[in-house]
file coords.cif (mmCIF, C-alpha atoms)
data_work
#
loop_
_atom_site.label_atom_id
_atom_site.label_comp_id
_atom_site.auth_asym_id
_atom_site.auth_seq_id
_atom_site.Cartn_x
_atom_site.Cartn_y
_atom_site.Cartn_z
CA MET A 1 -27.95 -32.24 7.10
CA GLU A 2 -25.92 -35.42 7.52
CA GLY A 3 -23.18 -35.27 10.08
CA MET A 4 -25.33 -33.60 12.73
CA THR A 5 -26.07 -35.80 15.70
CA GLU A 6 -27.01 -33.17 18.24
CA ALA A 7 -29.09 -30.01 18.37
CA ASN A 8 -27.46 -26.73 17.40
CA ASP A 9 -26.32 -24.59 20.28
CA GLN A 10 -28.44 -21.57 21.07
CA ALA A 11 -25.82 -19.61 22.94
CA GLU A 12 -26.04 -15.95 23.74
CA ASN A 13 -25.60 -13.76 20.70
CA THR A 14 -25.17 -10.10 19.94
CA ARG A 15 -27.07 -8.11 17.34
CA SER A 16 -26.24 -4.87 15.61
CA LEU A 17 -27.02 -2.93 12.44
CA ARG A 18 -24.36 -1.93 9.92
CA ASP A 19 -24.16 -0.38 6.45
CA LEU A 20 -21.48 -2.68 5.04
CA PRO A 21 -22.76 -5.80 3.23
CA PRO A 22 -21.43 -9.27 4.11
CA ALA A 23 -17.86 -9.72 2.94
CA HIS A 24 -18.06 -13.37 1.87
CA TYR A 25 -21.50 -14.41 0.71
CA THR A 26 -24.99 -13.09 -0.02
CA PHE A 27 -27.97 -15.42 -0.30
CA LYS A 28 -31.08 -13.88 -1.90
CA ILE A 29 -34.42 -15.71 -1.83
CA GLU A 30 -37.34 -14.69 -4.04
CA ASN A 31 -40.91 -15.97 -3.68
CA PHE A 32 -40.14 -16.70 -0.06
CA SER A 33 -43.78 -17.44 0.78
CA LEU A 34 -43.74 -20.46 -1.53
CA PHE A 35 -41.05 -21.98 0.67
CA SER A 36 -42.70 -21.09 3.94
CA ASN A 37 -46.15 -22.29 2.81
CA THR A 38 -44.97 -25.69 1.58
CA LYS A 39 -43.55 -28.63 3.48
CA VAL A 40 -39.99 -27.60 2.65
CA ASP A 41 -38.13 -27.90 5.94
CA SER A 42 -34.93 -26.18 4.83
CA VAL A 43 -33.29 -24.60 1.81
CA GLU A 44 -29.55 -24.42 1.16
CA SER A 45 -27.36 -22.07 -0.82
CA GLY A 46 -24.71 -23.28 -3.21
CA ASP A 47 -21.14 -23.77 -2.06
CA PHE A 48 -18.96 -20.72 -1.50
CA GLU A 49 -15.30 -20.74 -0.55
CA VAL A 50 -13.67 -18.90 2.32
CA ASP A 51 -10.10 -19.54 3.45
CA SER A 52 -9.75 -22.69 1.30
CA TYR A 53 -12.89 -24.30 2.78
CA LYS A 54 -16.31 -24.60 1.13
CA TRP A 55 -19.40 -23.51 3.04
CA ARG A 56 -23.15 -23.27 2.62
CA LEU A 57 -25.98 -21.35 4.24
CA CYS A 58 -28.91 -23.41 5.45
CA LEU A 59 -32.22 -21.65 6.09
CA HIS A 60 -35.30 -23.04 7.82
CA PRO A 61 -38.16 -20.77 6.62
CA ASN A 62 -40.49 -21.91 9.41
CA GLY A 63 -37.83 -22.52 12.01
CA ASN A 64 -35.85 -25.58 12.94
CA LYS A 65 -38.44 -27.37 15.07
CA LYS A 66 -35.89 -30.01 16.08
CA SER A 67 -33.74 -27.40 17.74
CA ASN A 68 -35.88 -24.83 19.55
CA GLY A 69 -36.50 -22.80 16.40
CA ASP A 70 -40.30 -23.06 16.26
CA GLY A 71 -41.90 -19.72 15.43
CA HIS A 72 -38.64 -18.26 14.15
CA ILE A 73 -36.44 -18.07 11.10
CA SER A 74 -33.46 -20.39 11.68
CA LEU A 75 -30.20 -19.80 9.82
CA TYR A 76 -27.02 -21.88 9.94
CA LEU A 77 -23.54 -21.95 8.49
CA ALA A 78 -22.75 -25.42 7.14
CA PHE A 79 -19.42 -27.05 6.33
CA SER A 80 -19.96 -28.36 2.81
CA LYS A 81 -19.75 -32.09 2.09
CA SER A 82 -17.61 -31.31 -0.95
CA ASN A 83 -14.65 -30.40 1.30
CA ALA A 84 -13.66 -34.06 1.79
CA PRO A 85 -11.58 -33.30 4.90
CA PRO A 86 -9.19 -35.87 6.42
CA LEU A 87 -10.20 -38.17 9.25
CA GLY A 88 -10.30 -36.39 12.60
CA TRP A 89 -10.58 -32.93 11.04
CA GLU A 90 -11.76 -29.83 12.84
CA VAL A 91 -12.07 -26.19 11.83
CA ASN A 92 -12.39 -23.37 14.37
CA VAL A 93 -14.50 -20.49 13.13
CA ASP A 94 -15.70 -17.08 14.26
CA PHE A 95 -18.61 -16.14 11.98
CA LYS A 96 -21.40 -13.62 11.51
CA LEU A 97 -24.74 -14.15 9.81
CA PHE A 98 -26.78 -11.34 8.28
CA VAL A 99 -30.34 -10.36 7.37
CA TYR A 100 -30.80 -7.33 5.12
CA ASN A 101 -33.27 -4.67 6.24
CA GLN A 102 -34.53 -3.32 2.94
CA ILE A 103 -36.24 -0.30 4.45
CA GLN A 104 -33.34 0.91 6.54
CA ASP A 105 -30.77 -0.21 3.94
CA LYS A 106 -28.79 -1.83 6.74
CA TYR A 107 -27.70 -5.33 7.64
CA LEU A 108 -28.79 -6.91 10.89
CA THR A 109 -25.66 -8.69 12.09
CA ILE A 110 -25.91 -11.70 14.40
CA GLN A 111 -22.88 -13.29 16.02
CA ASP A 112 -21.96 -15.25 19.11
CA ALA A 113 -21.37 -13.19 22.24
CA ASN A 114 -18.19 -13.00 24.29
CA GLY A 115 -15.90 -13.94 21.41
CA ARG A 116 -17.15 -17.49 21.27
CA VAL A 117 -15.48 -19.66 18.61
CA ARG A 118 -17.39 -22.54 16.97
CA ARG A 119 -15.59 -25.82 16.32
CA PHE A 120 -16.74 -27.63 13.17
CA HIS A 121 -15.85 -31.34 12.99
CA GLY A 122 -17.15 -34.62 11.60
CA MET A 123 -20.01 -34.86 14.09
CA LYS A 124 -20.87 -31.16 14.00
CA THR A 125 -20.97 -29.72 10.49
CA GLU A 126 -23.70 -27.11 10.88
CA MET A 127 -23.94 -24.27 13.40
CA GLY A 128 -25.83 -21.02 13.67
CA PHE A 129 -28.89 -19.49 15.23
CA ASP A 130 -32.12 -21.37 15.91
CA GLN A 131 -34.02 -18.17 16.67
CA LEU A 132 -32.61 -15.72 14.15
CA LEU A 133 -35.81 -13.64 14.00
CA PRO A 134 -39.41 -14.26 15.13
CA LEU A 135 -41.62 -15.13 12.15
CA THR A 136 -44.15 -12.49 13.21
CA LEU A 137 -41.46 -9.83 12.90
CA PHE A 138 -39.82 -11.27 9.78
CA ASN A 139 -43.11 -11.60 7.83
CA ASP A 140 -44.22 -8.05 8.67
CA GLU A 141 -43.30 -5.97 5.59
CA SER A 142 -43.21 -2.80 7.66
CA LYS A 143 -40.16 -4.18 9.50
CA GLY A 144 -38.16 -4.33 6.27
CA TYR A 145 -36.81 -7.89 6.20
CA LEU A 146 -39.32 -9.38 3.73
CA ILE A 147 -40.30 -6.97 0.94
CA ASP A 148 -42.20 -8.07 -2.20
CA ASP A 149 -41.72 -11.66 -1.02
CA CYS A 150 -37.94 -11.26 -1.26
CA CYS A 151 -35.32 -11.48 1.50
CA ILE A 152 -31.52 -11.43 1.66
CA PHE A 153 -29.16 -13.24 4.01
CA GLY A 154 -25.39 -13.30 4.23
CA ALA A 155 -22.29 -14.60 5.97
CA GLU A 156 -18.81 -13.57 7.02
CA ILE A 157 -16.36 -16.24 8.14
CA PHE A 158 -13.03 -15.99 9.92
CA VAL A 159 -11.18 -19.31 10.13
CA ILE A 160 -8.83 -19.42 13.09
CA LYS A 161 -5.61 -21.21 12.24
CA ASN A 162 -2.80 -21.81 14.68
CA THR A 163 0.37 -20.57 13.00
CA SER A 164 2.47 -21.67 16.00
CA LYS A 165 4.29 -18.34 15.91
CA GLY A 166 4.90 -16.02 18.82
CA GLU A 167 7.50 -14.37 20.95
CA CYS A 168 8.31 -13.84 24.60
CA LEU A 169 9.45 -10.32 25.53
CA SER A 170 11.16 -9.69 28.84
CA LEU A 171 13.20 -6.92 30.43
CA VAL A 172 16.43 -8.37 31.78
CA LYS A 173 18.75 -6.74 34.29
CA GLN A 174 22.41 -7.02 33.41
CA PRO A 175 25.01 -8.01 36.04
CA VAL A 176 26.10 -4.96 38.05
CA HIS A 177 29.80 -5.76 37.68
CA ARG A 178 29.62 -5.95 33.87
CA THR A 179 31.21 -2.63 32.89
CA PHE A 180 33.14 -2.03 29.69
CA THR A 181 36.20 0.20 30.13
CA TRP A 182 38.12 1.83 27.30
CA SER A 183 41.36 3.74 27.73
CA ILE A 184 41.94 6.21 24.89
CA GLN A 185 45.65 7.05 24.73
CA ASN A 186 47.27 10.03 23.01
CA PHE A 187 43.91 11.72 23.34
CA SER A 188 45.10 15.24 22.49
CA ALA A 189 46.38 13.99 19.14
CA LEU A 190 42.92 12.95 18.03
CA GLY A 191 41.19 15.23 15.52
CA GLN A 192 37.59 16.10 14.76
CA GLU A 193 36.62 12.62 13.61
CA SER A 194 35.04 10.04 15.84
CA CYS A 195 36.86 7.05 17.27
CA LYS A 196 35.29 3.73 18.18
CA SER A 197 36.21 1.29 20.92
CA PRO A 198 36.77 -2.43 20.50
CA VAL A 199 33.52 -4.41 20.41
CA PHE A 200 32.19 -5.91 23.63
CA ALA A 201 29.32 -8.35 24.19
CA THR A 202 26.38 -7.93 26.57
CA GLY A 203 22.91 -9.42 26.52
CA GLY A 204 23.61 -11.50 23.45
CA HIS A 205 24.49 -8.46 21.32
CA LYS A 206 27.65 -6.64 20.22
CA TRP A 207 28.28 -3.08 21.41
CA ALA A 208 30.91 -0.36 21.19
CA LEU A 209 31.57 3.12 22.49
CA LEU A 210 31.68 5.96 19.99
CA VAL A 211 33.58 9.09 21.08
CA TYR A 212 33.91 12.46 19.36
CA PRO A 213 37.00 14.04 21.04
CA LYS A 214 36.12 17.52 19.76
CA GLY A 215 32.34 17.13 19.91
CA ASN A 216 29.74 16.39 17.29
CA SER A 217 26.97 18.27 15.51
CA THR A 218 25.89 21.43 17.34
CA PHE A 219 28.47 20.81 20.09
CA GLU A 220 31.45 20.48 17.79
CA GLY A 221 34.38 22.42 19.29
CA LYS A 222 32.50 22.81 22.58
CA SER A 223 31.97 19.43 24.21
CA LEU A 224 33.04 15.82 24.40
CA SER A 225 30.36 13.63 22.77
CA ILE A 226 29.93 9.97 23.80
CA PHE A 227 27.53 7.37 22.42
CA LEU A 228 26.71 3.70 22.92
CA THR A 229 26.53 1.85 19.61
CA LEU A 230 24.68 -1.38 18.86
CA GLU A 231 27.13 -2.96 16.44
CA ASP A 232 24.82 -5.74 15.23
CA SER A 233 21.67 -3.66 14.82
CA GLU A 234 21.22 -5.13 11.32
CA THR A 235 20.42 -8.49 12.95
CA LEU A 236 17.25 -7.09 14.51
CA PRO A 237 14.16 -8.13 12.53
CA SER A 238 12.49 -5.37 10.55
CA GLY A 239 10.25 -3.32 12.82
CA ARG A 240 11.76 -4.78 16.00
CA THR A 241 13.25 -2.49 18.64
CA MET A 242 15.42 -3.34 21.62
CA TYR A 243 15.12 -1.14 24.67
CA ALA A 244 18.23 -0.46 26.76
CA GLU A 245 19.01 1.60 29.84
CA PHE A 246 22.67 2.43 30.29
CA THR A 247 25.24 4.70 31.88
CA LEU A 248 28.10 6.45 30.08
CA ARG A 249 31.03 7.47 32.27
CA ALA A 250 34.28 9.45 32.11
CA ARG A 251 36.59 8.37 34.92
CA ASP A 252 38.30 10.86 37.23
CA GLN A 253 41.68 9.16 37.46
CA LEU A 254 42.91 11.35 40.35
CA PHE A 255 40.08 11.69 42.85
CA GLY A 256 37.48 9.15 41.77
CA LYS A 257 34.82 11.81 41.18
CA HIS A 258 33.68 10.29 37.91
CA LEU A 259 31.30 12.08 35.59
CA GLU A 260 28.47 9.83 34.43
CA LYS A 261 25.22 10.32 32.59
CA ASN A 262 22.33 7.93 32.11
CA ALA A 263 20.48 7.34 28.86
CA ASN A 264 17.89 5.01 27.37
CA CYS A 265 17.04 4.13 23.81
CA HIS A 266 14.91 1.85 21.65
CA PHE A 267 17.65 0.58 19.35
CA SER A 268 16.58 -0.62 15.90
CA ASN A 269 17.74 -1.05 12.29
CA SER A 270 17.59 2.71 11.85
CA ILE A 271 18.78 3.79 15.33
CA SER A 272 22.08 2.10 16.12
CA ASP A 273 23.68 4.62 18.50
CA TRP A 274 22.51 6.85 21.33
CA GLY A 275 24.15 8.98 23.97
CA HIS A 276 25.08 12.56 24.82
CA LEU A 277 26.27 15.24 22.42
CA ASN A 278 27.12 17.49 25.39
CA PHE A 279 28.63 14.91 27.67
CA MET A 280 31.09 17.38 29.19
CA SER A 281 32.63 20.65 28.09
CA LEU A 282 36.06 20.58 26.47
CA ASP A 283 37.23 23.18 29.01
CA GLU A 284 36.40 20.82 31.88
CA LEU A 285 37.93 17.86 30.07
CA ASN A 286 41.20 19.67 29.37
CA THR A 287 41.59 21.02 32.90
CA LEU A 288 44.24 18.61 34.14
CA ALA A 289 43.36 19.20 37.79
CA LYS A 290 39.94 17.63 37.14
CA GLY A 291 41.63 14.28 36.63
CA PHE A 292 39.89 13.19 33.43
CA LEU A 293 43.05 13.42 31.33
CA VAL A 294 46.06 11.78 32.94
CA ASN A 295 49.18 11.07 30.90
CA ASN A 296 47.15 12.18 27.89
CA THR A 297 44.76 9.24 28.43
CA LEU A 298 40.98 9.45 28.75
CA VAL A 299 39.16 6.52 30.32
CA VAL A 300 35.50 6.09 29.37
CA GLU A 301 33.05 3.37 30.37
CA ALA A 302 29.69 1.96 29.46
CA GLN A 303 27.45 0.03 31.80
CA ILE A 304 24.21 -1.47 30.43
CA HIS A 305 21.63 -1.95 33.18
CA VAL A 306 18.59 -3.46 31.47
CA LEU A 307 17.80 -4.85 28.02
CA THR A 308 14.72 -6.23 26.38
CA VAL A 309 15.23 -9.83 25.36
CA VAL A 310 13.00 -11.50 22.78
CA LYS A 311 12.69 -15.25 22.35
CA GLU A 312 10.66 -17.00 19.70
CA LEU A 313 7.88 -19.28 20.85
CA SER A 314 6.66 -22.37 19.06
CA GLY A 315 4.09 -25.06 19.72
CA SER A 316 0.59 -24.79 21.08
CA CYS A 317 -0.62 -22.02 23.37
CA ALA A 318 -0.71 -24.50 26.23
CA ASP A 319 2.99 -25.20 25.71
CA MET A 320 3.77 -21.48 25.96
CA HIS A 321 2.43 -20.98 29.48
CA GLY A 322 5.10 -20.85 32.10
CA LYS A 323 8.01 -20.67 29.68
CA THR A 324 10.59 -17.94 29.94
#

call {"tool": "encode", "arguments": {"input": "coords.cif", "output": "structure tokens"}}
result
Amino acid sequence: MEGMTEANDQAENTRSLRDLPPAHYTFKIENFSLFSNTKVDSVESGDFEVDSYKWRLCLHPNGNKKSNGDGHISLYLAFSKSNAPPLGWEVNVDFKLFVYNQIQDKYLTIQDANGRVRRFHGMKTEMGFDQLLPLTLFNDESKGYLIDDCCIFGAEIFVIKNTSKGECLSLVKQPVHRTFTWSIQNFSALGQESCKSPVFATGGHKWALLVYPKGNSTFEGKSLSIFLTLEDSETLPSGRTMYAEFTLRARDQLFGKHLEKNANCHFSNSISDWGHLNFMSLDELNTLAKGFLVNNTLVVEAQIHVLTVVKELSGSCADMHGKT
């Protein structure tokens, strides 16, 4: 083929058998011996399209003698001339080539080892395997690859395109001194419904405390319930969660023996609040000597310790290294 100025690589490859036929193209050759017994050096399939590019299969029935294929079947994936790519083009491809075993009803799958990716460009338009199969094995009908002078090859192609999309996820400690304090006055006058604090900002998000003075759910009438609420949870992308570790606290205004409980949560679009239903019993809360209610005021606090922070990445992979 034109465009090739160097021999095809014969890198390490892996081989396996599978039941599933090639996903993208099947190339059947009848009267194979007529090709192998003539002076035909190679035979090509027609164009087939994968991922907006046109490709061909190129088979050397007696091996590609110019590239270490003597005594073997040589099979290559070729970037079709009909693509008319722009100057300086290149296409990165991970591909598999196939030979059908007609006796076993399975496909011998050949691909580059170690996740190698082939780079097609103007000076390298054809790549594959010089030594696909030894001719002695391929021509032996008992092996199943050439039956009634008919054989079948195939290809699967995955074009690797850089979408320049990514994200950087990190767990960030919040400043120790950053504590939100909320004084709830006339506490005894509050009913069964919840009450919410003013909004405060931490870690680039908006938060609030949610308090049920008479308890919530199964602890209604028994306990004080306190939750941390992510007020802008709707801004999280669909499927994204944000992990947080935090402390909820009721201040002892007389002796400084505060009651606090830790919690953690993966906040999301569907989970916007988390905390403790049974934060403390109403009996303990209403015992004035405990110091939690002073002048009919309850003081509660929230302290967020760590948050996951996500930043979008753009540019090449090389540009991403070392960025935070």

call {"tool": "closest_residue", "arguments": {"input": "coords.cif", "among": "A:Leu282, A:Cys151, A:Val159, A:Ile304", "to": "Asn216 of chain A", "atoms": "all atoms listed in the file"}}
result
A:Leu282

call {"tool": "resolve_selection", "arguments": {"input": "coords.cif", "expression": "the PyMOL selection byres ((chain A and resi 13) around 6)", "output": "list in words"}}
result
Glu12, Thr14, Gln111, Asp112 and Ala113 of chain A

call {"tool": "resolve_selection", "arguments": {"input": "coords.cif", "expression": "the PyMOL selection byres ((chain A and resi 260-267) around 10)", "output": "PyMOL selection string"}}
result
chain A and resi 226-230+233+236+240-251+257-259+268-276+279-280+300-308

call {"tool": "closest_residue", "arguments": {"input": "coords.cif", "among": "A:Val93, A:Leu254, A:Val43, A:Leu298", "to": "Asn162 of chain A", "atoms": "only C-alpha atoms"}}
result
A:Val93

call {"tool": "residues_around", "arguments": {"input": "coords.cif", "residues": "Ala23 of chain A", "least_positions_apart": "3", "cutoff": "10 Å", "atoms": "all atoms listed in the file", "output": "ChimeraX atom specification"}}
result
/A:20,26,154-157

call {"tool": "atom_distance", "arguments": {"input": "coords.cif", "atom1": "atom CA of Gly191 of chain A", "atom2": "atom CA of Asn278 of chain A"}}
result
17.3 Å

call {"tool": "residues_around", "arguments": {"input": "coords.cif", "residues": "Lys106 of chain A", "least_positions_apart": "4", "cutoff": "10 Å", "atoms": "only C-alpha atoms", "output": "PyMOL selection string"}}
result
chain A and resi 16-21+98-102+144

call {"tool": "closest_residue", "arguments": {"input": "coords.cif", "among": "A:Val172, A:Val309, A:Ile152, A:Leu77", "to": "Thr125 of chain A", "atoms": "all atoms listed in the file"}}
result
A:Leu77

call {"tool": "atom_distance", "arguments": {"input": "coords.cif", "atom1": "atom CA of Asn37 of chain A", "atom2": "atom CA of Tyr107 of chain A"}}
result
25.5 Å

call {"tool": "residues_around", "arguments": {"input": "coords.cif", "residues": "Asp130 of chain A", "least_positions_apart": "6", "cutoff": "9 Å", "atoms": "only C-alpha atoms", "output": "JSON, numbers by chain"}}
result
{"A": [8, 9, 10, 60, 63, 64, 65, 67, 68, 69, 70, 72, 73, 74, 75, 76]}

call {"tool": "closest_residue", "arguments": {"input": "coords.cif", "among": "A:Gln174, A:Tyr53, A:Lys222, A:Val294", "to": "Gly204 of chain A", "atoms": "only C-alpha atoms"}}
result
A:Gln174

call {"tool": "resolve_selection", "arguments": {"input": "coords.cif", "expression": "the PyMOL selection byres ((chain A and resi 48) around 10)", "output": "ChimeraX atom specification"}}
result
/A:24-26,45-47,49-50,52-57,80

call {"tool": "atom_distance", "arguments": {"input": "coords.cif", "atom1": "atom CA of Leu210 of chain A", "atom2": "atom CA of Ser225 of chain A"}}
result
8.3 Å

call {"tool": "closest_residue", "arguments": {"input": "coords.cif", "among": "A:Asn62, A:Ser197, A:Thr235, A:Asn295", "to": "Val40 of chain A", "atoms": "only C-alpha atoms"}}
result
A:Asn62

call {"tool": "residues_near_point", "arguments": {"input": "coords.cif", "point": "(37.6, 2.7, 30.4)", "cutoff": "7 Å", "atoms": "only C-alpha atoms", "output": "VMD selection string"}}
result
chain A and resid 180 to 183 299 to 301

call {"tool": "closest_residue", "arguments": {"input": "coords.cif", "among": "A:Glu312, A:Asp149, A:Gly122, A:Val91", "to": "Ser36 of chain A", "atoms": "only C-alpha atoms"}}
result
A:Asp149
